[in-house]
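Undergrad: My questions all concern the structure below.
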Amino acid sequence: MTTIEVSETATLAVPIDRVWEVVSNTARYADWVHGVVEVTDDHGPATVGRTYSEVNKSVGPLTMRTTWTVREVDPQRTRVDTGVGLAPLQNFVNVFDFRANRDGGTEMTYTARYSVGLGPVGVILERLLRPGMRHGFQTSMRNLEDLITAEG
Amino acid sequence: MAAKLDVVVVGAGLAGLTAARTLTAAGRSVVVVEARDRVGGRTLNHDLGDGQVVEAGGQFVGPTQNHILKLAGDLGIDTVAANTVGDSVYVHAGRSRRFSGEIPPDLLALPDLALTMRRINQLAAQVRLDAPWKSPDAAKWDSMTFESWIRRNTVTTGGIDLVNVFLGSAYGGGAQDASLLFSLHYIAGMGDEDNPGTIERGIGNEGGAQESRFVGGSQLVSIRAAEQLDDRVVLGSAVRAIEQDATSLTVRTDDRSWAASHVIVAVPPALAARIAWNPLLPAQQDALFSRLTFGTLMKCEAVYDEPFWRQDGLSGQGVFRSGSPLCSMHDNTPPSGGPGVLMGFLGGAQWRRWAHRPPRERRAAVLRSFAEVAGRNALRPTDYFEQDWTTEEFTRGGPTAVAAPGTVTGFGEWRDRPFGRVHWAGAEHSDYWNGYMDGAVRSGKDAANAVLEQGD
């Protein structure tokens, strides 16, 4: 099964330690990740091997329940989680990469890798969803920047 | 104990001070005993520096609120129009849309909202303002929540969502918290003896309850009233007990007591029920007052060098249909034009979700809501403060008390009934503008007049 990768990068005008602080908190995804309605179960600071759960927007008024497992935590560099409950997307891997820039800001890359189930229907659905996914990644990173700016 | 007074007034908010003014004008000896070290109750000025203030409590006044306007006028306090120049912004499902006027641009929700408001006004016109429990359909209306009725009479969720925008700040709650009968009575009172109450007047800016503010802040009304009462106002003295016999009463704080022929209790009903009464309050009155707990409301305000949103043709007013920490926001800039101040209401369900989050996280959520309306400059205020009325020991919530199903028909007749020589005042004791500053002033006059009629 082919693995698809969708990746977006943004420059955030906020320091990397603050970015890491917010991103590391599994209770706060509804505060900045586009499409997350509510975090229903969390374990605070992300810990390898532990899980957290969300309700995410799907199509129209529909929602889906997603559970993530933290796979890698490299402070102020990388976070890797795997998720289930994202049909038709399968084997979903979510990667956040960070790098401090010279201006005191943060370069952030938001990447998703996944395969597609449901046969040809799933492939069509994925192609329809992909532009929205890219937009959602950019919106999330902008939300993160705004949130940290507003926290002062 | 000093010489016996004609009247002890408990509480130096607008109701208590109005009662005291009325009684002293009639030649009665009065003391006002206030638990806080300030006057004003649910009105509170926040100092911005340079002699400027902004309201952190009740603040808006409008047409038919003749009693608070008259009192302020008598005290030399002017009103100023709340800023409505420019477009407002409607935020729904992550989208911000500018609009002019008072109707949010939500084509799917508007038919339900319009129909709901029309039917609310029709039913409110049938409520007996002086005795809502005697209204023709009182039992039916008091058997359901306001939300149950709205959902039963609408197709989409737009009607309930937009009514809850209003109730988030008006009730510090939502339509699920109050009975239909209570809500209809509340709306029926949004007028005066010549103008029947309507929900439009309650939610409106121009021509409505949010039309104007007081120059110098709403607390100035109480401050000036207290100054005129001179040393009759005793601060920092929480009344713990009230004892009553056939001819006199004793009001006790931790270290003082006063004897009087009459007492006017002008504190929130739920706090009145906590006073140690001897003899006990009638059980029905105690039950009613104990049920009239306040809503949950926080005002969140951000200060900027100037009201930058005005340059973009924005009024600073925002309406948030579910999903946001705020239900609504306003331009709260002082009448001088600066500094710029944005104020948001965080009430009811949103309060329950956000009140216990770390302050920094809540601040960010509020400022991002402001930014959805006023632009990203709103993310960087020079100052930010919150007034959570649930943490005020001598208020315990805000802005008012709402009655759940069964309360008005079961106990409503006990709301204003004197307990011997004890009379009741406060914004919750008014048929008109219940829960508002005008209701407070009306109730103070009514209680004072009841004392005068009762005689010695």
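Naming scheme: A, B, ... for chains in displayed order of the structure tokens; residues 1 onward per chain; ligands 1 onward as shown.
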Please identify the helix (DSSP H, G or I) residues within segment 323-445 of chain B (assignment by DSSP from backbone atoms) and present them as a PyMOL selection string.

TA: chain B and resi 349-354+359-374+376-379+389-391+407-414+427-429+437-445

Undergrad: Would you export the selected residues with N, CA and C atoms as a compact mmCIF listing (two decimals), in the first residue's frame, please?

TA:
# COMPACT_ATOMS: atom_id res chain seq x y z
N ALA B 349 -21.98 28.25 30.07
CA ALA B 349 -21.22 27.05 29.70
C ALA B 349 -19.76 27.41 29.40
N GLN B 350 -19.56 28.57 28.77
CA GLN B 350 -18.18 28.97 28.47
C GLN B 350 -17.42 29.25 29.76
N TRP B 351 -18.09 29.84 30.72
CA TRP B 351 -17.42 30.06 32.02
C TRP B 351 -17.02 28.72 32.62
N ARG B 352 -17.93 27.75 32.58
CA ARG B 352 -17.63 26.44 33.19
C ARG B 352 -16.44 25.79 32.49
N ARG B 353 -16.31 26.04 31.19
CA ARG B 353 -15.21 25.43 30.45
C ARG B 353 -13.88 26.14 30.70
N TRP B 354 -13.95 27.47 30.87
CA TRP B 354 -12.71 28.23 30.88
C TRP B 354 -12.28 28.79 32.23
N PRO B 359 -4.79 31.07 33.95
CA PRO B 359 -5.11 32.43 33.45
C PRO B 359 -4.47 32.75 32.11
N ARG B 360 -3.24 32.29 31.90
CA ARG B 360 -2.57 32.61 30.64
C ARG B 360 -3.28 31.96 29.45
N GLU B 361 -3.76 30.74 29.64
CA GLU B 361 -4.47 30.06 28.56
C GLU B 361 -5.82 30.72 28.29
N ARG B 362 -6.49 31.12 29.35
CA ARG B 362 -7.79 31.79 29.18
C ARG B 362 -7.60 33.14 28.48
N ARG B 363 -6.58 33.87 28.91
CA ARG B 363 -6.28 35.16 28.28
C ARG B 363 -6.07 34.97 26.78
N ALA B 364 -5.30 33.95 26.41
CA ALA B 364 -5.03 33.73 24.98
C ALA B 364 -6.32 33.41 24.24
N ALA B 365 -7.16 32.61 24.84
CA ALA B 365 -8.42 32.25 24.17
C ALA B 365 -9.29 33.48 23.97
N VAL B 366 -9.35 34.33 24.99
CA VAL B 366 -10.17 35.54 24.88
C VAL B 366 -9.59 36.49 23.82
N LEU B 367 -8.28 36.69 23.86
CA LEU B 367 -7.68 37.63 22.90
C LEU B 367 -7.80 37.11 21.47
N ARG B 368 -7.73 35.81 21.29
CA ARG B 368 -7.92 35.27 19.94
C ARG B 368 -9.36 35.48 19.48
N SER B 369 -10.31 35.43 20.40
CA SER B 369 -11.69 35.76 20.03
C SER B 369 -11.80 37.24 19.66
N PHE B 370 -11.14 38.09 20.44
CA PHE B 370 -11.13 39.51 20.09
C PHE B 370 -10.53 39.70 18.69
N ALA B 371 -9.47 38.94 18.40
CA ALA B 371 -8.81 39.08 17.10
C ALA B 371 -9.71 38.64 15.96
N GLU B 372 -10.59 37.68 16.22
CA GLU B 372 -11.52 37.26 15.17
C GLU B 372 -12.46 38.39 14.78
N VAL B 373 -12.65 39.32 15.68
CA VAL B 373 -13.55 40.45 15.43
C VAL B 373 -12.77 41.71 15.02
N ALA B 374 -11.70 41.99 15.74
CA ALA B 374 -11.03 43.28 15.58
C ALA B 374 -9.72 43.19 14.80
N ARG B 376 -5.75 41.01 14.09
CA ARG B 376 -4.68 40.39 14.88
C ARG B 376 -4.00 41.37 15.85
N ASN B 377 -4.18 42.66 15.66
CA ASN B 377 -3.63 43.61 16.63
C ASN B 377 -4.21 43.37 18.03
N ALA B 378 -5.36 42.74 18.06
CA ALA B 378 -6.00 42.48 19.36
C ALA B 378 -5.21 41.48 20.19
N LEU B 379 -4.29 40.75 19.56
CA LEU B 379 -3.51 39.75 20.30
C LEU B 379 -2.49 40.37 21.24
N TRP B 389 -17.09 37.35 38.61
CA TRP B 389 -18.02 37.68 39.69
C TRP B 389 -18.33 36.50 40.60
N THR B 390 -17.96 35.30 40.17
CA THR B 390 -18.19 34.15 41.06
C THR B 390 -17.22 34.16 42.24
N THR B 391 -16.13 34.88 42.11
CA THR B 391 -15.14 34.89 43.19
C THR B 391 -15.37 36.04 44.18
N THR B 407 -39.92 26.93 40.13
CA THR B 407 -39.59 27.90 41.17
C THR B 407 -40.61 29.04 41.24
N VAL B 408 -40.95 29.61 40.09
CA VAL B 408 -41.85 30.78 40.10
C VAL B 408 -43.24 30.37 40.56
N THR B 409 -43.76 29.26 40.03
CA THR B 409 -45.11 28.85 40.46
C THR B 409 -45.10 28.31 41.89
N GLY B 410 -43.98 27.71 42.29
CA GLY B 410 -43.93 27.11 43.62
C GLY B 410 -43.70 28.12 44.72
N PHE B 411 -42.86 29.11 44.44
CA PHE B 411 -42.44 30.02 45.51
C PHE B 411 -42.45 31.50 45.12
N GLY B 412 -42.79 31.81 43.88
CA GLY B 412 -42.63 33.18 43.38
C GLY B 412 -43.32 34.23 44.22
N GLU B 413 -44.47 33.90 44.80
CA GLU B 413 -45.22 34.90 45.56
C GLU B 413 -44.46 35.35 46.81
N TRP B 414 -43.39 34.63 47.17
CA TRP B 414 -42.62 35.00 48.36
C TRP B 414 -41.46 35.93 48.06
N ALA B 427 -31.82 43.94 42.60
CA ALA B 427 -32.26 43.86 41.21
C ALA B 427 -33.18 42.68 40.96
N GLU B 428 -33.09 41.64 41.80
CA GLU B 428 -33.94 40.46 41.61
C GLU B 428 -35.33 40.67 42.17
N HIS B 429 -35.55 41.82 42.82
CA HIS B 429 -36.85 42.10 43.43
C HIS B 429 -37.64 43.12 42.62
N MET B 437 -29.56 47.32 36.50
CA MET B 437 -29.40 48.46 37.40
C MET B 437 -30.74 49.16 37.63
N ASP B 438 -31.53 49.27 36.57
CA ASP B 438 -32.83 49.94 36.73
C ASP B 438 -33.72 49.16 37.69
N GLY B 439 -33.68 47.84 37.60
CA GLY B 439 -34.46 47.03 38.53
C GLY B 439 -34.01 47.24 39.97
N ALA B 440 -32.72 47.38 40.14
CA ALA B 440 -32.20 47.61 41.50
C ALA B 440 -32.74 48.92 42.08
N VAL B 441 -32.69 49.97 41.27
CA VAL B 441 -33.15 51.28 41.76
C VAL B 441 -34.66 51.23 42.04
N ARG B 442 -35.40 50.62 41.12
CA ARG B 442 -36.85 50.49 41.34
C ARG B 442 -37.12 49.77 42.66
N SER B 443 -36.41 48.67 42.89
CA SER B 443 -36.67 47.87 44.09
C SER B 443 -36.34 48.64 45.35
N GLY B 444 -35.29 49.46 45.28
CA GLY B 444 -34.92 50.27 46.44
C GLY B 444 -36.01 51.26 46.79
N LYS B 445 -36.56 51.89 45.77
CA LYS B 445 -37.67 52.82 46.02
C LYS B 445 -38.89 52.09 46.58

Undergrad: May I ask you to extract the residues of chain A within 6 Å of chain B, using only C-alpha atoms, and to give them as a PyMOL selection string?

TA: chain A and resi 147+150-151

Undergrad: Using C-alpha atoms, can you write the selected residues to a file as a PDB file, in the first residue's frame?

TA:
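The new file out_20.pdb reads:
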ATOM      1  CA  LEU A 147      -2.061  31.600  20.847  1.00  0.00           C
ATOM      2  CA  ALA A 150      -1.765  36.262  22.983  1.00  0.00           C
ATOM      3  CA  GLU A 151      -0.502  34.465  26.073  1.00  0.00           C
TER       4      GLU A 151
END

Undergrad: Please, what distance in Å, to one decimal, runs between atom CA of Gly337 of chain B and atom CA of Pro307 of chain B?

TA: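 Pair atom CA of Gly337 of chain B / atom CA of Pro307 of chain B returns 7.6 Å.
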
Undergrad: Residues near Asp446 of chain B, anyone? I mean within 10 Å using only C-alpha atoms, not counting same-chain ones fewer than 5 positions away, as an NGL selection string.

TA: :B and (15 or 18-19 or 22 or 416 or 423-425 or 429-430 or 440-441 or 451-452)

Undergrad: Would you save the residues from that selection as a CSV table (one decimal), in the first residue's frame, using N, CA, C and O atoms?

TA:
chain,number,residue,atom,x,y,z
B,15,ALA,N,-29.6,49.3,45.0
B,15,ALA,CA,-30.9,49.2,45.6
B,15,ALA,C,-30.8,49.7,47.0
B,15,ALA,O,-31.7,50.5,47.4
B,18,THR,N,-30.4,53.5,47.1
B,18,THR,CA,-31.6,54.2,46.7
B,18,THR,C,-32.7,54.2,47.8
B,18,THR,O,-33.3,55.2,48.1
B,19,ALA,N,-32.8,53.0,48.5
B,19,ALA,CA,-33.7,52.9,49.6
B,19,ALA,C,-33.3,54.0,50.7
B,19,ALA,O,-34.2,54.7,51.2
B,22,THR,N,-34.2,57.5,49.7
B,22,THR,CA,-35.7,57.8,49.8
B,22,THR,C,-36.1,58.0,51.2
B,22,THR,O,-36.9,58.8,51.6
B,416,ASP,N,-41.1,39.1,47.2
B,416,ASP,CA,-41.1,40.5,47.8
B,416,ASP,C,-41.9,40.6,49.1
B,416,ASP,O,-42.0,41.7,49.6
B,423,HIS,N,-37.9,44.1,54.9
B,423,HIS,CA,-38.3,44.3,53.5
B,423,HIS,C,-37.2,43.9,52.6
B,423,HIS,O,-36.0,43.9,53.0
B,424,TRP,N,-37.5,43.7,51.3
B,424,TRP,CA,-36.5,43.1,50.4
B,424,TRP,C,-36.2,44.1,49.2
B,424,TRP,O,-37.2,44.6,48.7
B,425,ALA,N,-35.0,44.2,48.8
B,425,ALA,CA,-34.7,45.0,47.7
B,425,ALA,C,-33.5,44.4,47.0
B,425,ALA,O,-32.9,43.5,47.5
B,429,HIS,N,-35.6,41.8,42.8
B,429,HIS,CA,-36.9,42.1,43.4
B,429,HIS,C,-37.6,43.1,42.6
B,429,HIS,O,-38.5,43.8,43.2
B,430,SER,N,-37.4,43.2,41.3
B,430,SER,CA,-38.1,44.1,40.5
B,430,SER,C,-38.8,43.4,39.4
B,430,SER,O,-38.3,42.5,38.8
B,440,ALA,N,-32.7,47.4,40.1
B,440,ALA,CA,-32.2,47.6,41.5
B,440,ALA,C,-32.7,48.9,42.1
B,440,ALA,O,-33.2,49.0,43.2
B,441,VAL,N,-32.7,50.0,41.3
B,441,VAL,CA,-33.2,51.3,41.8
B,441,VAL,C,-34.7,51.2,42.0
B,441,VAL,O,-35.1,51.7,43.1
B,451,VAL,N,-41.7,50.5,53.6
B,451,VAL,CA,-41.4,50.9,55.0
B,451,VAL,C,-42.2,52.1,55.5
B,451,VAL,O,-42.8,52.1,56.6
B,452,LEU,N,-42.2,53.1,54.6
B,452,LEU,CA,-42.9,54.3,55.0
B,452,LEU,C,-44.4,54.0,55.2
B,452,LEU,O,-45.1,54.6,56.1

Undergrad: Could you find all residues in segment 24-192 of chain B that DSSP calls strand (DSSP E or B) from the backbone, and write them as a VMD selection string?

TA: chain B and resid 30 to 33 45 to 49 52 to 55 61 79 to 81 87 to 92 95 to 99 145 179 192

Undergrad: Taking only C-alpha atoms into account, name the residue in A:Val80, A:Thr9, A:Pro61, A:Asn56 that is nearest to Ser24 of chain A.

TA: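 So, comparing all the options, the nearest one is A:Val80.
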
Undergrad: Between atom CA of Ala246 of chain B and atom CA of Leu280 of chain B, what is the spacing in Å?

TA: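 Between atom CA of Leu280 of chain B and atom CA of Ala246 of chain B the gap is 14.3 Å.
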